[in-house]
There are 2 protein chains.
Amino acid sequence: MSKAPAIPFAPVDEQLAVLKRGVVDLIDEAQLRAKLERSRTSGLPLTIKAGFDPSTPDLHLGHTVLLRKMRQFQRLGHRVVFLIGDFTGMIGDPSGKKKTRPQLTEEEVQVNARTYQEQAFKVLDRDSTVIDFNNRWFGEMGAQGIIRLAGSYTLARMMERDDFRKRFRDNEPIAMHELLYPLVQGYDSVALEADVELGGHDQIFNLLVGRDLMRERGMEPQVVLTVPLLVGTDGSEKMSKSLGNAIALDDEPRDAYGKVMSVPDELMWDWYLLLTDLPQEELAERKRLCESGAMHPKQAKQELARRIVADFHGEQAALDAEREFETVFAHGGVPDDVEELALHPLPLAKLLAEAQLAASNSEARRLIQQGAVSIDGDKASDPYAELAPRDEPYLLKVGKRRFARIRIRT
Amino acid sequence: MSKAPAIPFAPVDEQLAVLKRGVVDLIDEAQLRAKLERSRTSGLPLTIKAGFDPSTPDLHLGHTVLLRKMRQFQRLGHRVVFLIGDFTGMIGDPSGKKKTRPQLTEEEVQVNARTYQEQAFKVLDRDSTVIDFNNRWFGEMGAQGIIRLAGSYTLARMMERDDFRKRFRDNEPIAMHELLYPLVQGYDSVALEADVELGGHDQIFNLLVGRDLMRERGMEPQVVLTVPLLVGTDGSEKMSKSLGNAIALDDEPRDAYGKVMSVPDELMWDWYLLLTDLPQEELAERKRLCESGAMHPKQAKQELARRIVADFHGEQAALDAEREFETVFAHGGVPDDVEELALHPLPLAKLLAEAQLAASNSEARRLIQQGAVSIDGDKASDPYAELAPRDEPYLLKVGKRRFARIRIRT
């Protein structure tokens, strides 16, 4: 009989079934199977790597798709490395072209990394997550090491990356350091001796570079596994804070719940797949019920919203958020606890900004022009209109979920 | 009255006349003039940079074109930096594609650099030459510094270099580190705060990168000045040891003299321009005399040979070499001191190799097939022929200048 494994890993087919859920690329399955089998025999966990850029510490649901995949590996007993790209974060974008990649000090990187971790641990298992920083190896590598690394790849292979090829063809500038970042990310896999690298589907090229670099060094290449980019609440664009279609992990439970409820019905099933653990058979069954009319889509979506809110804020908060949501519906869409303010007469746009229903005068004007503002249920159209003083407060509504009762002082 | 300069620099026009001799690119003359004027006013010399790759320590006449230009700056009182690229030398060619750029240890680089300097000082003024090594700044720069440096240039600008563009178009591989080397060379100019960078005409792109990097950092850009690539003794290809058309600085005086005499007449004037200080008016006059038939080209070429040999071996050696050359001509082309050997009968090719008239059997066979071998004045054609034993030695001649008398033993 073979030696009993130190840790009882689940059978390989069971593991594969979990790990393949919602995946876009898996390169390749046979290699992942072989690694899982070897791990099961030896009792040694696989090393799973996922890299994070410390310049954007605010996580939203889109990030959790990857974090959930990491958690699946953790729950199966594997060693998950949460790799923080402090080396590249401290470089920033020397060409000065990208606002999203400012040059960070070591301290800023550390602060961002901590914020990032705190949020990530809402999904990941804190105790079994290995945190690492790639400046650990790049800090020692020196200028020569980077040039040697560059020498292990040709320009032609680098230009196989879609966006590089397209930008070069269209005469859009590509700063030379951008061509080095895939090698930096790839070398991280060499340094960590990763068995599997996880990433968003848009990262596939960089993940494959890691495979190449490992192979060239005589190492067993990592398996590459990507998850899809989550579509945002608008049902069309990739979820992104700047597009306003995101649900942040630190959104209030009632906001998060309401935003999930605003998602188009068609998108709901993707979110179920990528943001919950509902078994795929149950998911298929539920979808069938909705399509046949036996279940109202609102009911399915409420469960989705409850599950998502419960994940980040707990069961009770999810139930409270649901009750609140129902009440709003029951009261013609106005929540119970709308804030009441007293203000002096002001042009409408300015009034909205003062009441913090809009971030600024100009945003308020834009919202009014888009028809997103109503007063006592009537759509407002003139940003310069002034509300007349009266005893009753006005009910102002902005978008679907922002409310205030405003009493105009004489 | 303005302050008297600390060092009496020559008038700017005089300096420019010397410096422009034999130059291909000068970018640009107005800037060089301004720098020379400022230097003359302040009494401070300009910093002149020329970079050398320590992987090929054997210098030939081709290298001296640049060294002579450096010496011209020295003689005008400027500060010439002989920059040894030890940083890049220690990287080598990580893609493993080029045999000419092996990865060198620090010790090997130091040894090569010393050999290089010893030879270069046959041209340069040893006392006023500043020797520097670019690992002085790159050794401290770190991986981040190189990536930042890369970020200051775009791929499109780098691909303006002819050979990069051509190779990319023709699907010939370009290793990524090759794209970084122009930036490394350019950064050397930043570190040295160079006023002028000298190089061969084939280096023009890299020299201009230095200008760009300096300008981007708010520095006054260096002036770029290139010299032509010297055509070798064959009159067609760039001088290169591997093409067999080179005259090495440590060639024996008689060999050097004979090789200069073998240069085609048309090439002689370029060599005069690039390898001697003969004033350009005298040079033009001499050329006119030869063309009109008033002077025999051989006479002009002998003076060229004498000047070149004297430069590296002294006047006496040059006169001896000339006398030897004349004697060879007077005796039907056979020198006085041909070595005499006694050998057993052997196939001709093997005999030539034994007598060290050819580097190997196969080279000997090739030389025979090319008709470059004669025996007692008759061209030999059969590499396997054996010479019959006789009392008199055979006179063997290979090419124009290799001789031996061989006595065949019975």
# chains A, B, ... in the order shown; residues from 1 in each chain; ligands from 1
call {"tool": "interface_residues", "arguments": {"of": "chain A", "to": "chain B", "cutoff": "10 Å", "atoms": "only C-alpha atoms", "output": "ChimeraX atom specification"}}
result
/A:87-88,90-97,135,138-158,164,168-169,171-181
call {"tool": "residues_around", "arguments": {"residues": "Ser189 of chain A", "least_positions_apart": "6", "cutoff": "8 Å", "atoms": "only C-alpha atoms", "output": "PDB file with N, CA, C and O atoms, in the first residue's frame"}}
result
ATOM      1  N   LYS A  49      -0.896  30.960  -7.127  1.00  0.00           N
ATOM      2  CA  LYS A  49      -0.472  32.363  -7.110  1.00  0.00           C
ATOM      3  C   LYS A  49      -1.520  33.258  -7.762  1.00  0.00           C
ATOM      4  O   LYS A  49      -2.076  32.912  -8.799  1.00  0.00           O
ATOM      5  N   GLU A 197      -1.325  29.632 -11.684  1.00  0.00           N
ATOM      6  CA  GLU A 197      -1.540  31.067 -11.535  1.00  0.00           C
ATOM      7  C   GLU A 197      -2.965  31.394 -11.940  1.00  0.00           C
ATOM      8  O   GLU A 197      -3.456  30.951 -12.980  1.00  0.00           O
ATOM      9  N   GLY A 210       4.563  33.586 -17.884  1.00  0.00           N
ATOM     10  CA  GLY A 210       5.082  32.863 -16.717  1.00  0.00           C
ATOM     11  C   GLY A 210       5.379  31.411 -17.049  1.00  0.00           C
ATOM     12  O   GLY A 210       6.415  30.866 -16.683  1.00  0.00           O
ATOM     13  N   MET A 214       9.191  29.683 -16.928  1.00  0.00           N
ATOM     14  CA  MET A 214       9.445  28.508 -16.100  1.00  0.00           C
ATOM     15  C   MET A 214      10.015  27.373 -16.953  1.00  0.00           C
ATOM     16  O   MET A 214      10.985  26.729 -16.580  1.00  0.00           O
ATOM     17  N   GLN A 222       3.728  26.412 -14.807  1.00  0.00           N
ATOM     18  CA  GLN A 222       2.490  26.578 -14.050  1.00  0.00           C
ATOM     19  C   GLN A 222       1.276  26.325 -14.934  1.00  0.00           C
ATOM     20  O   GLN A 222       1.327  26.544 -16.143  1.00  0.00           O
TER      21      GLN A 222
END
call {"tool": "residues_around", "arguments": {"residues": "Leu67 of chain A", "least_positions_apart": "5", "cutoff": "8 Å", "atoms": "only C-alpha atoms", "output": "PyMOL selection string"}}
result
chain A and resi 120+123-124
call {"tool": "write_last_selection", "arguments": {"atoms": "all heavy atoms", "output": "PDB file, in the first residue's frame"}}
result
ATOM      1  N   ALA A 120      -9.820  41.854   1.112  1.00  0.00           N
ATOM      2  CA  ALA A 120      -9.737  40.524   0.501  1.00  0.00           C
ATOM      3  C   ALA A 120     -10.103  39.434   1.498  1.00  0.00           C
ATOM      4  O   ALA A 120     -10.657  38.392   1.136  1.00  0.00           O
ATOM      5  CB  ALA A 120      -8.331  40.291  -0.043  1.00  0.00           C
ATOM      6  N   VAL A 123     -13.295  37.574   1.765  1.00  0.00           N
ATOM      7  CA  VAL A 123     -13.518  36.382   0.943  1.00  0.00           C
ATOM      8  C   VAL A 123     -12.524  35.283   1.311  1.00  0.00           C
ATOM      9  O   VAL A 123     -12.896  34.150   1.575  1.00  0.00           O
ATOM     10  CB  VAL A 123     -13.405  36.705  -0.564  1.00  0.00           C
ATOM     11  CG1 VAL A 123     -13.598  35.451  -1.395  1.00  0.00           C
ATOM     12  CG2 VAL A 123     -14.393  37.792  -0.961  1.00  0.00           C
ATOM     13  N   LEU A 124     -11.253  35.641   1.350  1.00  0.00           N
ATOM     14  CA  LEU A 124     -10.221  34.635   1.608  1.00  0.00           C
ATOM     15  C   LEU A 124     -10.198  34.220   3.068  1.00  0.00           C
ATOM     16  O   LEU A 124     -10.610  34.974   3.947  1.00  0.00           O
ATOM     17  CB  LEU A 124      -8.842  35.209   1.259  1.00  0.00           C
ATOM     18  CG  LEU A 124      -8.582  35.517  -0.202  1.00  0.00           C
ATOM     19  CD1 LEU A 124      -7.184  36.122  -0.353  1.00  0.00           C
ATOM     20  CD2 LEU A 124      -8.706  34.245  -1.042  1.00  0.00           C
TER      21      LEU A 124
END
call {"tool": "residues_around", "arguments": {"residues": "segment 373-381 of chain A", "least_positions_apart": "3", "cutoff": "7 Å", "atoms": "only C-alpha atoms", "output": "ChimeraX atom specification"}}
result
/A:367-369,394-399
call {"tool": "write_last_selection", "arguments": {"atoms": "all heavy atoms", "output": "mmCIF file, in the first residue's frame"}}
result
data_model
loop_
_atom_site.group_PDB
_atom_site.id
_atom_site.type_symbol
_atom_site.label_atom_id
_atom_site.label_comp_id
_atom_site.auth_asym_id
_atom_site.auth_seq_id
_atom_site.Cartn_x
_atom_site.Cartn_y
_atom_site.Cartn_z
ATOM 1 N N LEU A 367 -27.303 65.286 -13.703
ATOM 2 C CA LEU A 367 -28.369 64.363 -13.298
ATOM 3 C C LEU A 367 -29.742 64.929 -13.661
ATOM 4 O O LEU A 367 -30.614 64.192 -14.139
ATOM 5 C CB LEU A 367 -28.270 64.107 -11.782
ATOM 6 C CG LEU A 367 -27.091 63.230 -11.345
ATOM 7 C CD1 LEU A 367 -26.844 63.336 -9.841
ATOM 8 C CD2 LEU A 367 -27.339 61.767 -11.741
ATOM 9 N N ILE A 368 -29.900 66.229 -13.445
ATOM 10 C CA ILE A 368 -31.182 66.856 -13.786
ATOM 11 C C ILE A 368 -31.423 66.745 -15.298
ATOM 12 O O ILE A 368 -32.499 66.358 -15.749
ATOM 13 C CB ILE A 368 -31.204 68.339 -13.350
ATOM 14 C CG1 ILE A 368 -31.139 68.419 -11.816
ATOM 15 C CG2 ILE A 368 -32.450 69.062 -13.883
ATOM 16 C CD1 ILE A 368 -30.795 69.797 -11.267
ATOM 17 N N GLN A 369 -30.359 67.048 -16.074
ATOM 18 C CA GLN A 369 -30.497 66.975 -17.531
ATOM 19 C C GLN A 369 -30.809 65.556 -18.010
ATOM 20 O O GLN A 369 -31.500 65.358 -19.001
ATOM 21 C CB GLN A 369 -29.229 67.499 -18.210
ATOM 22 C CG GLN A 369 -29.215 69.026 -18.297
ATOM 23 C CD GLN A 369 -27.821 69.603 -18.276
ATOM 24 O OE1 GLN A 369 -26.836 68.885 -18.378
ATOM 25 N NE2 GLN A 369 -27.729 70.925 -18.128
ATOM 26 N N TYR A 394 -40.243 69.036 0.808
ATOM 27 C CA TYR A 394 -40.251 68.417 -0.524
ATOM 28 C C TYR A 394 -39.559 67.057 -0.445
ATOM 29 O O TYR A 394 -38.570 66.912 0.278
ATOM 30 C CB TYR A 394 -39.472 69.279 -1.531
ATOM 31 C CG TYR A 394 -40.142 70.594 -1.875
ATOM 32 C CD1 TYR A 394 -39.862 71.746 -1.152
ATOM 33 C CD2 TYR A 394 -41.032 70.648 -2.953
ATOM 34 C CE1 TYR A 394 -40.461 72.945 -1.474
ATOM 35 C CE2 TYR A 394 -41.637 71.868 -3.284
ATOM 36 C CZ TYR A 394 -41.353 73.005 -2.546
ATOM 37 O OH TYR A 394 -41.942 74.188 -2.876
ATOM 38 N N LEU A 395 -40.068 66.075 -1.230
ATOM 39 C CA LEU A 395 -39.366 64.786 -1.322
ATOM 40 C C LEU A 395 -38.520 64.808 -2.604
ATOM 41 O O LEU A 395 -39.068 64.837 -3.716
ATOM 42 C CB LEU A 395 -40.346 63.619 -1.371
ATOM 43 C CG LEU A 395 -39.673 62.253 -1.594
ATOM 44 C CD1 LEU A 395 -38.804 61.849 -0.395
ATOM 45 C CD2 LEU A 395 -40.702 61.157 -1.888
ATOM 46 N N LEU A 396 -37.193 64.817 -2.437
ATOM 47 C CA LEU A 396 -36.304 64.792 -3.599
ATOM 48 C C LEU A 396 -35.760 63.382 -3.798
ATOM 49 O O LEU A 396 -35.339 62.735 -2.832
ATOM 50 C CB LEU A 396 -35.132 65.769 -3.428
ATOM 51 C CG LEU A 396 -35.425 67.203 -3.887
ATOM 52 C CD1 LEU A 396 -36.330 67.897 -2.874
ATOM 53 C CD2 LEU A 396 -34.156 67.964 -4.140
ATOM 54 N N LYS A 397 -35.764 62.938 -5.050
ATOM 55 C CA LYS A 397 -35.256 61.597 -5.362
ATOM 56 C C LYS A 397 -34.238 61.730 -6.495
ATOM 57 O O LYS A 397 -34.511 62.387 -7.512
ATOM 58 C CB LYS A 397 -36.401 60.692 -5.795
ATOM 59 C CG LYS A 397 -35.983 59.265 -6.080
ATOM 60 C CD LYS A 397 -37.192 58.408 -6.484
ATOM 61 C CE LYS A 397 -36.745 57.009 -6.869
ATOM 62 N NZ LYS A 397 -37.808 56.275 -7.589
ATOM 63 N N VAL A 398 -33.087 61.107 -6.306
ATOM 64 C CA VAL A 398 -32.043 61.142 -7.330
ATOM 65 C C VAL A 398 -31.685 59.709 -7.690
ATOM 66 O O VAL A 398 -31.341 58.914 -6.811
ATOM 67 C CB VAL A 398 -30.790 61.888 -6.833
ATOM 68 C CG1 VAL A 398 -29.684 61.820 -7.872
ATOM 69 C CG2 VAL A 398 -31.132 63.329 -6.506
ATOM 70 N N GLY A 399 -31.785 59.375 -8.957
ATOM 71 C CA GLY A 399 -31.577 58.003 -9.393
ATOM 72 C C GLY A 399 -32.610 57.105 -8.740
ATOM 73 O O GLY A 399 -33.748 57.525 -8.513
#
call {"tool": "residues_around", "arguments": {"residues": "Val111 of chain A", "least_positions_apart": "6", "cutoff": "12 Å", "atoms": "only C-alpha atoms", "output": "ChimeraX atom specification"}}
result
/A:54-57,84,86,104-105,117-118
call {"tool": "residues_around", "arguments": {"residues": "Arg40 of chain B", "least_positions_apart": "3", "cutoff": "8 Å", "atoms": "only C-alpha atoms", "output": "mmCIF file with C-alpha atoms, in the first residue's frame"}}
result
data_model
loop_
_atom_site.group_PDB
_atom_site.id
_atom_site.type_symbol
_atom_site.label_atom_id
_atom_site.label_comp_id
_atom_site.auth_asym_id
_atom_site.auth_seq_id
_atom_site.Cartn_x
_atom_site.Cartn_y
_atom_site.Cartn_z
ATOM 1 C CA PRO B 5 40.409 81.759 -19.559
ATOM 2 C CA PRO B 8 44.217 78.963 -23.606
ATOM 3 C CA PHE B 9 41.843 77.174 -25.965
ATOM 4 C CA ALA B 10 42.354 77.678 -29.696
ATOM 5 C CA PRO B 11 39.929 79.913 -31.565
ATOM 6 C CA VAL B 12 36.626 78.162 -32.183
ATOM 7 C CA LEU B 36 33.236 75.492 -27.846
ATOM 8 C CA GLU B 37 32.631 79.211 -27.437
ATOM 9 C CA GLY B 43 38.260 78.198 -19.624
ATOM 10 C CA LEU B 44 36.541 74.902 -18.849
ATOM 11 C CA PRO B 45 37.101 71.951 -21.191
#
call {"tool": "closest_residue", "arguments": {"among": "A:Ala358, A:Val23, A:Ala404, A:Leu278", "to": "Val334 of chain A", "atoms": "only C-alpha atoms"}}
result
A:Ala404
call {"tool": "select_by_dssp", "arguments": {"residues": "segment 51-156 of chain B", "states": "strand (DSSP E or B)", "output": "VMD selection string"}}
result
chain B and resid 51 to 52 60 79 to 84 129 to 133 154
call {"tool": "select_by_dssp", "arguments": {"residues": "segment 293-355 of chain A", "states": "helix (DSSP H, G or I)", "output": "number ranges by chain"}}
result
A: 297-313, 315-330, 348-354
call {"tool": "write_last_selection", "arguments": {"atoms": "C-alpha atoms", "output": "PDB file, in the first residue's frame"}}
result
ATOM      1  CA  PRO A 297     -37.227  36.437 -11.536  1.00  0.00           C
ATOM      2  CA  LYS A 298     -37.529  38.982  -8.723  1.00  0.00           C
ATOM      3  CA  GLN A 299     -37.625  36.117  -6.246  1.00  0.00           C
ATOM      4  CA  ALA A 300     -34.454  34.571  -7.697  1.00  0.00           C
ATOM      5  CA  LYS A 301     -32.751  37.946  -7.731  1.00  0.00           C
ATOM      6  CA  GLN A 302     -33.691  38.633  -4.113  1.00  0.00           C
ATOM      7  CA  GLU A 303     -31.987  35.403  -3.093  1.00  0.00           C
ATOM      8  CA  LEU A 304     -28.915  36.444  -5.077  1.00  0.00           C
ATOM      9  CA  ALA A 305     -28.881  39.852  -3.377  1.00  0.00           C
ATOM     10  CA  ARG A 306     -29.354  38.241   0.051  1.00  0.00           C
ATOM     11  CA  ARG A 307     -26.485  35.818  -0.562  1.00  0.00           C
ATOM     12  CA  ILE A 308     -24.123  38.543  -1.776  1.00  0.00           C
ATOM     13  CA  VAL A 309     -24.909  40.916   1.093  1.00  0.00           C
ATOM     14  CA  ALA A 310     -24.656  38.080   3.622  1.00  0.00           C
ATOM     15  CA  ASP A 311     -21.193  37.202   2.273  1.00  0.00           C
ATOM     16  CA  PHE A 312     -19.794  40.608   3.173  1.00  0.00           C
ATOM     17  CA  HIS A 313     -22.043  41.855   5.966  1.00  0.00           C
ATOM     18  CA  GLU A 315     -26.974  37.054   7.452  1.00  0.00           C
ATOM     19  CA  GLN A 316     -28.707  39.592   9.705  1.00  0.00           C
ATOM     20  CA  ALA A 317     -27.603  42.592   7.640  1.00  0.00           C
ATOM     21  CA  ALA A 318     -28.807  40.792   4.520  1.00  0.00           C
ATOM     22  CA  LEU A 319     -32.237  40.182   6.046  1.00  0.00           C
ATOM     23  CA  ASP A 320     -32.456  43.792   7.229  1.00  0.00           C
ATOM     24  CA  ALA A 321     -31.486  45.045   3.793  1.00  0.00           C
ATOM     25  CA  GLU A 322     -34.153  42.861   2.245  1.00  0.00           C
ATOM     26  CA  ARG A 323     -36.816  44.094   4.658  1.00  0.00           C
ATOM     27  CA  GLU A 324     -35.826  47.706   3.935  1.00  0.00           C
ATOM     28  CA  PHE A 325     -35.964  47.059   0.221  1.00  0.00           C
ATOM     29  CA  GLU A 326     -39.455  45.551   0.536  1.00  0.00           C
ATOM     30  CA  THR A 327     -40.635  48.511   2.611  1.00  0.00           C
ATOM     31  CA  VAL A 328     -39.398  50.948   0.009  1.00  0.00           C
ATOM     32  CA  PHE A 329     -41.424  49.048  -2.555  1.00  0.00           C
ATOM     33  CA  ALA A 330     -44.469  48.976  -0.316  1.00  0.00           C
ATOM     34  CA  LEU A 348     -32.030  73.167  -7.686  1.00  0.00           C
ATOM     35  CA  ALA A 349     -28.585  71.916  -8.737  1.00  0.00           C
ATOM     36  CA  LYS A 350     -26.960  73.723  -5.843  1.00  0.00           C
ATOM     37  CA  LEU A 351     -29.634  72.439  -3.489  1.00  0.00           C
ATOM     38  CA  LEU A 352     -28.916  68.828  -4.510  1.00  0.00           C
ATOM     39  CA  ALA A 353     -25.197  69.340  -3.907  1.00  0.00           C
ATOM     40  CA  GLU A 354     -25.867  70.945  -0.491  1.00  0.00           C
TER      41      GLU A 354
END
call {"tool": "residues_around", "arguments": {"residues": "segment 227-232 of chain B", "least_positions_apart": "3", "cutoff": "6 Å", "atoms": "only C-alpha atoms", "output": "ChimeraX atom specification"}}
result
/B:23-24,62,200-201,235,237-239,245-246
call {"tool": "closest_residue", "arguments": {"among": "B:Arg390, B:Arg161, B:His78, B:His344", "to": "Ala194 of chain B", "atoms": "only C-alpha atoms"}}
result
B:His78
